[in-house]
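File shown here: entry-v3.txt, holding compact mmCIF, C-alpha atoms.
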# COMPACT_ATOMS: atom_id res chain seq x y z
CA MET K 955 0.00 0.00 0.00
CA ASP K 956 1.30 3.43 -0.98
CA LEU K 957 0.96 5.64 2.11
CA THR K 958 2.04 8.73 0.13
CA ALA K 959 -1.50 8.95 -1.31
CA LEU K 960 -2.88 9.33 2.22
CA LYS K 961 -0.52 12.15 3.09
CA THR K 962 -2.93 14.82 1.81
CA ALA K 963 -5.78 13.35 3.85
CA LEU K 964 -3.79 13.04 7.02
CA SER K 965 -1.79 15.47 9.02
CA ASP K 966 1.95 15.09 9.06
CA GLU K 967 1.82 13.65 12.57
CA GLN K 968 -0.83 11.08 11.66
CA HIS K 969 1.01 10.13 8.48
CA ALA K 970 4.27 9.62 10.37
CA GLU K 971 2.55 7.49 13.01
CA LEU K 972 0.86 5.34 10.36
CA THR K 973 4.11 4.92 8.46
CA LYS K 974 5.88 3.82 11.64
CA PHE K 975 3.13 1.31 12.39
CA VAL K 976 3.33 -0.21 8.92
CA ASP K 977 7.15 -0.42 9.11
CA ASP K 978 6.87 -2.24 12.45
CA LEU K 979 4.46 -4.73 10.94
CA THR K 980 6.78 -5.28 7.98
CA GLY K 981 9.73 -5.82 10.32
CA GLN K 982 7.78 -8.36 12.39
CA ARG K 983 6.74 -10.17 9.20
CA ASP K 984 10.32 -10.38 7.95
CA ALA K 985 11.56 -11.55 11.35
CA ALA K 986 8.84 -14.21 11.51
CA ARG K 987 9.69 -15.37 7.98
CA LYS K 988 13.39 -15.61 8.84
CA GLU K 989 12.65 -17.50 12.05
CA SER K 990 10.40 -19.89 10.13
CA ILE K 991 13.12 -20.58 7.56
CA GLU K 992 15.74 -21.21 10.25
CA HIS K 993 13.33 -23.42 12.18
CA ARG K 994 12.63 -25.52 9.08
CA LYS K 995 16.37 -25.92 8.51
CA SER K 996 16.87 -26.99 12.13
CA LEU K 997 14.02 -29.49 11.88
CA LYS K 998 15.44 -30.92 8.66
CA ALA K 999 18.85 -31.37 10.31
CA LYS K 1000 17.27 -33.12 13.29
CA VAL K 1001 15.28 -35.40 11.00
CA THR K 1002 18.46 -36.34 9.15
CA GLU K 1003 20.23 -36.99 12.46
CA LEU K 1004 17.35 -39.15 13.71
CA GLU K 1005 17.31 -41.12 10.46
CA THR K 1006 21.05 -41.82 10.87
CA VAL K 1007 20.58 -42.92 14.47
CA ASN K 1008 17.64 -45.10 13.46
CA THR K 1009 19.72 -46.75 10.73
CA GLU K 1010 22.52 -47.52 13.20
CA LEU K 1011 20.02 -48.91 15.71
CA LYS K 1012 18.46 -51.09 13.01
CA ARG K 1013 21.86 -52.43 11.99
CA SER K 1014 22.80 -53.18 15.62
CA GLN K 1015 19.45 -54.88 16.14
CA ASP K 1016 19.90 -57.05 13.05
CA GLU K 1017 23.39 -58.07 14.22
CA MET K 1018 22.06 -58.95 17.67
CA LEU K 1019 19.22 -61.04 16.23
CA GLU K 1020 21.63 -62.82 13.89
CA ARG K 1021 23.97 -63.72 16.75
CA LEU K 1022 21.08 -64.99 18.82
CA GLY K 1023 19.78 -67.05 15.87
CA VAL K 1024 16.35 -65.42 15.63
CA ASP K 1025 14.59 -63.43 12.91
CA SER K 1026 12.59 -60.87 14.89
CA ILE K 1027 12.13 -59.16 18.24
CA GLU K 1028 9.00 -61.27 18.79
CA GLN K 1029 11.06 -64.45 18.60
CA LEU K 1030 13.62 -62.87 20.93
CA LYS K 1031 10.92 -62.50 23.59
CA GLU K 1032 10.36 -66.24 23.52
CA ILE K 1033 14.02 -67.07 24.20
CA ASP K 1034 15.07 -68.29 27.62
CA PRO K 1035 18.38 -66.46 28.35
CA LYS K 1036 19.71 -69.36 30.42
CA GLY K 1037 18.74 -71.88 27.76
CA GLN K 1038 20.33 -69.74 25.08
CA ALA K 1039 23.58 -69.50 27.06
CA ASP K 1040 23.60 -73.28 27.53
CA ALA K 1041 22.99 -73.78 23.82
CA VAL K 1042 25.89 -71.50 22.96
CA LYS K 1043 28.14 -73.32 25.43
CA GLN K 1044 27.17 -76.71 23.99
CA PHE K 1045 27.79 -75.44 20.47
CA GLU K 1046 31.28 -74.20 21.42
CA MET K 1047 32.09 -77.55 23.07
CA LYS K 1048 30.90 -79.39 19.96
CA MET K 1049 33.07 -77.20 17.73
CA LYS K 1050 36.12 -77.85 19.93
CA ARG K 1051 35.40 -81.58 19.81
CA ILE K 1052 35.11 -81.52 16.02
CA GLU K 1053 38.33 -79.48 15.73
CA SER K 1054 40.16 -81.96 17.98
CA GLN K 1055 38.93 -84.91 15.91
CA LEU K 1056 39.96 -83.14 12.71
CA ASN K 1057 43.48 -82.54 14.08
CA GLU K 1058 43.76 -86.19 15.13
CA ARG K 1059 42.66 -87.40 11.70
CA THR K 1060 45.04 -85.00 9.97
CA SER K 1061 47.92 -86.22 12.14
CA ALA K 1062 46.99 -89.86 11.51
CA TYR K 1063 46.81 -89.24 7.77
CA GLU K 1064 50.22 -87.53 7.73
CA ASP K 1065 51.71 -90.38 9.78
CA MET K 1066 50.20 -92.99 7.44
CA SER K 1067 51.40 -91.03 4.40
CA ASN K 1068 54.95 -90.85 5.81
CA LYS K 1069 54.98 -94.58 6.56
CA TYR K 1070 53.70 -95.31 3.06
CA ARG K 1071 56.46 -93.21 1.53
CA GLN K 1072 59.08 -94.84 3.75
CA SER K 1073 57.82 -98.25 2.62
CA LEU K 1074 57.98 -97.25 -1.04
CA GLN K 1075 61.45 -95.75 -0.56
CA ALA K 1076 62.77 -98.86 1.21
CA ALA K 1077 61.40 -101.14 -1.53
CA ALA K 1078 62.84 -98.95 -4.29
CA MET K 1079 66.20 -98.80 -2.48
CA ARG K 1080 66.39 -102.59 -2.08
CA LYS K 1081 65.57 -103.12 -5.74
CA ALA K 1082 68.14 -100.55 -6.93
CA LEU K 1083 70.90 -101.81 -4.61
CA SER K 1084 70.34 -105.45 -5.58
CA GLY K 1085 71.61 -104.74 -9.08
CA HIS K 1086 75.20 -104.49 -7.79
CA GLU K 1087 77.46 -106.16 -5.26
CA TRP K 1088 78.65 -103.46 -2.89
CA ILE K 1089 81.55 -103.77 -0.47
CA ASP K 1090 79.63 -101.95 2.25
CA GLN K 1091 75.97 -101.81 1.30
CA ASP K 1092 74.98 -99.93 4.47
CA LEU K 1093 77.47 -97.18 3.64
CA VAL K 1094 76.19 -96.91 0.06
CA GLU K 1095 72.58 -96.95 1.26
CA SER K 1096 73.31 -94.12 3.70
CA PHE K 1097 74.98 -92.07 0.96
CA VAL K 1098 72.20 -92.69 -1.56
CA GLY K 1099 69.54 -91.96 1.07
CA SER K 1100 70.93 -88.46 1.50
CA ARG K 1101 70.44 -87.88 -2.25
CA LEU K 1102 66.82 -89.01 -2.49
CA THR K 1103 63.96 -86.66 -3.29
CA TRP K 1104 60.27 -87.10 -4.04
CA GLU K 1105 58.22 -85.92 -7.00
CA GLU K 1106 54.58 -86.86 -6.49
CA ASP K 1107 54.73 -90.63 -5.73
CA GLN K 1108 58.11 -91.31 -7.33
CA VAL K 1109 61.41 -91.44 -5.45
CA LEU K 1110 64.33 -89.98 -7.42
CA PHE K 1111 68.10 -89.68 -7.04
CA LYS K 1112 69.75 -86.25 -7.11
CA THR K 1113 73.10 -86.16 -8.91
CA ASP K 1114 76.10 -83.98 -8.01
CA SER K 1115 74.90 -81.44 -10.58
CA GLY K 1116 71.47 -81.27 -8.94
CA ILE K 1117 69.60 -83.18 -11.67
CA THR K 1118 67.01 -85.68 -10.51
CA ILE K 1119 66.96 -89.09 -12.20
CA PRO K 1120 65.27 -92.45 -11.50
CA LEU K 1121 66.78 -94.31 -8.55
CA ASP K 1122 67.91 -97.32 -10.62
CA GLU K 1123 69.70 -95.01 -13.01
CA GLY K 1124 71.26 -93.17 -10.08
CA LEU K 1125 72.73 -96.41 -8.67
CA GLN K 1126 74.07 -97.37 -12.10
CA THR K 1127 75.75 -93.98 -12.40
CA LEU K 1128 77.22 -94.32 -8.90
CA ALA K 1129 78.61 -97.78 -9.69
CA LYS K 1130 80.15 -96.48 -12.92
CA GLU K 1131 81.68 -93.35 -11.41
CA LYS K 1132 82.87 -95.02 -8.16
CA PRO K 1133 83.82 -98.62 -9.01
CA HIS K 1134 85.87 -98.89 -5.82
CA LEU K 1135 82.56 -99.21 -3.95
CA LEU K 1136 81.91 -102.55 -5.71
CA LYS K 1137 83.19 -105.96 -4.74
CA ALA K 1138 85.87 -107.42 -7.02
CA THR K 1139 84.53 -109.89 -9.56
CA GLY K 1140 87.79 -111.90 -9.52
CA ALA K 1141 91.53 -111.54 -9.91
CA GLY K 1142 92.22 -108.96 -12.52
CA GLY K 1143 88.50 -108.09 -12.67
CA SER K 1144 86.92 -104.67 -12.57
CA GLY K 1145 88.22 -102.68 -9.62
CA TYR K 1146 90.52 -105.51 -8.47
CA ARG K 1147 93.78 -104.34 -6.93
CA GLY K 1148 95.00 -107.52 -5.28
CA LYS K 1149 95.55 -108.25 -1.58
CA PRO K 1150 98.55 -106.97 0.34
CA VAL K 1151 101.14 -109.43 1.52
CA SER K 1152 100.10 -110.97 4.83
CA GLY K 1153 101.78 -109.37 7.81
CA THR K 1154 102.71 -106.15 6.01
CA LYS K 1155 101.32 -102.80 7.09
CA PRO K 1156 100.16 -99.97 4.85
CA MET K 1157 102.11 -96.77 4.96
CA VAL K 1158 99.18 -95.03 6.74
CA ASN K 1159 96.12 -96.15 8.66
CA PRO K 1160 93.09 -94.80 6.74
CA TRP K 1161 90.98 -94.96 9.94
CA VAL K 1162 93.25 -92.67 11.96
CA LYS K 1163 91.90 -89.13 12.16
CA GLU K 1164 95.07 -87.55 10.74
CA THR K 1165 95.17 -89.83 7.67
CA ARG K 1166 91.50 -90.74 7.29
CA ASN K 1167 90.72 -91.84 3.73
CA LEU K 1168 87.30 -93.26 2.83
CA THR K 1169 88.49 -94.70 -0.49
CA GLN K 1170 91.33 -96.63 1.19
CA GLN K 1171 88.95 -97.83 3.88
CA ILE K 1172 86.60 -99.31 1.28
CA GLU K 1173 89.44 -100.89 -0.68
CA MET K 1174 90.90 -102.44 2.50
CA MET K 1175 87.49 -103.75 3.59
CA ARG K 1176 87.06 -105.29 0.16
CA ASP K 1177 90.54 -106.75 -0.35
CA ASP K 1178 91.57 -107.68 3.19
CA PRO K 1179 88.70 -107.58 5.72
CA ASN K 1180 90.84 -109.02 8.52
CA ARG K 1181 93.51 -106.38 8.08
CA ALA K 1182 90.83 -103.71 7.88
CA ALA K 1183 89.37 -104.89 11.19
CA GLN K 1184 92.84 -104.75 12.77
CA LEU K 1185 93.49 -101.20 11.53
CA LYS K 1186 90.04 -100.05 12.72
CA ALA K 1187 90.83 -101.50 16.14
CA ASP K 1188 94.21 -99.72 16.14
CA ALA K 1189 92.35 -96.46 15.45
CA GLY K 1190 89.96 -97.15 18.33
CA ILE K 1191 86.98 -97.82 16.08
CA GLU K 1192 84.71 -100.74 16.85

Mind turning the file's structure into structure tokens?
Amino acid sequence: MDLTALKTALSDEQHAELTKFVDDLTGQRDAARKESIEHRKSLKAKVTELETVNTELKRSQDEMLERLGVDSIEQLKEIDPKGQADAVKQFEMKMKRIESQLNERTSAYEDMSNKYRQSLQAAAMRKALSGHEWIDQDLVESFVGSRLTWEEDQVLFKTDSGITIPLDEGLQTLAKEKPHLLKATGAGGSGYRGKPVSGTKPMVNPWVKETRNLTQQIEMMRDDPNRAAQLKADAGIE
């Protein structure tokens, strides 16, 4: 409303008073509008906050129901707390019992598997060693045993170069490369060096620590077992 049009009908005092009244009303309206806007913003923020809290409560409730093994609050009311605790305790005991049985079966399986492999290895070793006549089969078996490796269910022999080959082939290679490990096939035969004259002594005792020589030990055990036994006794070896 344009109050200027009323100025001619009103005195200056009346016009000023009316103008002041209208300005006050306008100010109150603007203040009320501002307050309403701020109030709506505050309400919206609180609604958002409550929705967040409600979501968290719902999630916590769902987790609690899942742990208790129920689908709703109504079912939760029917649960006996003591009975539920007993059920949980029994479940934990059952799980421990199952875990213990599983560990026992795993251990038994590993033990059976190891015994099976040992049986296969022993059979393969006997078969491979039987193809040759060794001076000291126990010594050869110990050496070969340190070179064995497994690939799936097959026992293999590892050469000096690190290559794995079948066990039979490994023993053949060993016999070819170290013929002194084999028994003599007869005078003048492969690896035969003849026996020393009875009563004579070698220049050194191959069993003495200072002059220990595995090759000479094997040759002596092959060619003159009695002398070898005497030299071992001299070196304090039973």

I'd like the neighbourhood of Gly1124 of chain K as a PyMOL selection string, where a residue qualifies if any of its atoms comes within 12 Å (using all atoms listed in the file), though same-chain residues fewer than 3 positions away should be ignored.
chain K and resi 1078-1079+1082-1083+1085+1094+1097-1099+1101-1103+1109-1114+1116-1121+1127-1132

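Put simply, atom CA of Arg1181 of chain K is 29.6 Å away from atom CA of Ser1100 of chain K.
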
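Note that the spacing between atom CA of Leu972 of chain K and atom CA of Ile991 of chain K amounts to 28.8 Å.
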
Distance of atom CA of Met1175 of chain K from atom CA of Val1162 of chain K, expressed in Å to one decimal place:
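Between atom CA of Val1162 of chain K and atom CA of Met1175 of chain K the gap works out to 15.0 Å.
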
Smallest atom-to-atom distance to Pro1133 of chain K: which of K:Trp1088, K:Arg1051, K:Asn1159, K:Arg1166, using all atoms listed in the file?
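Ranked by minimum distance to Pro1133 of chain K, first place goes to K:Trp1088.
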
Return the padded bounding box of segment 1177-1187 of chain K as JSON: axis-aligned, built from all atoms listed in the file, 8 Å added on each side, with centre and edge lengths in Å to one decimal.
{"center_x": 91.1, "center_y": -104.5, "center_z": 7.9, "size_x": 20.8, "size_y": 25.0, "size_z": 32.5}
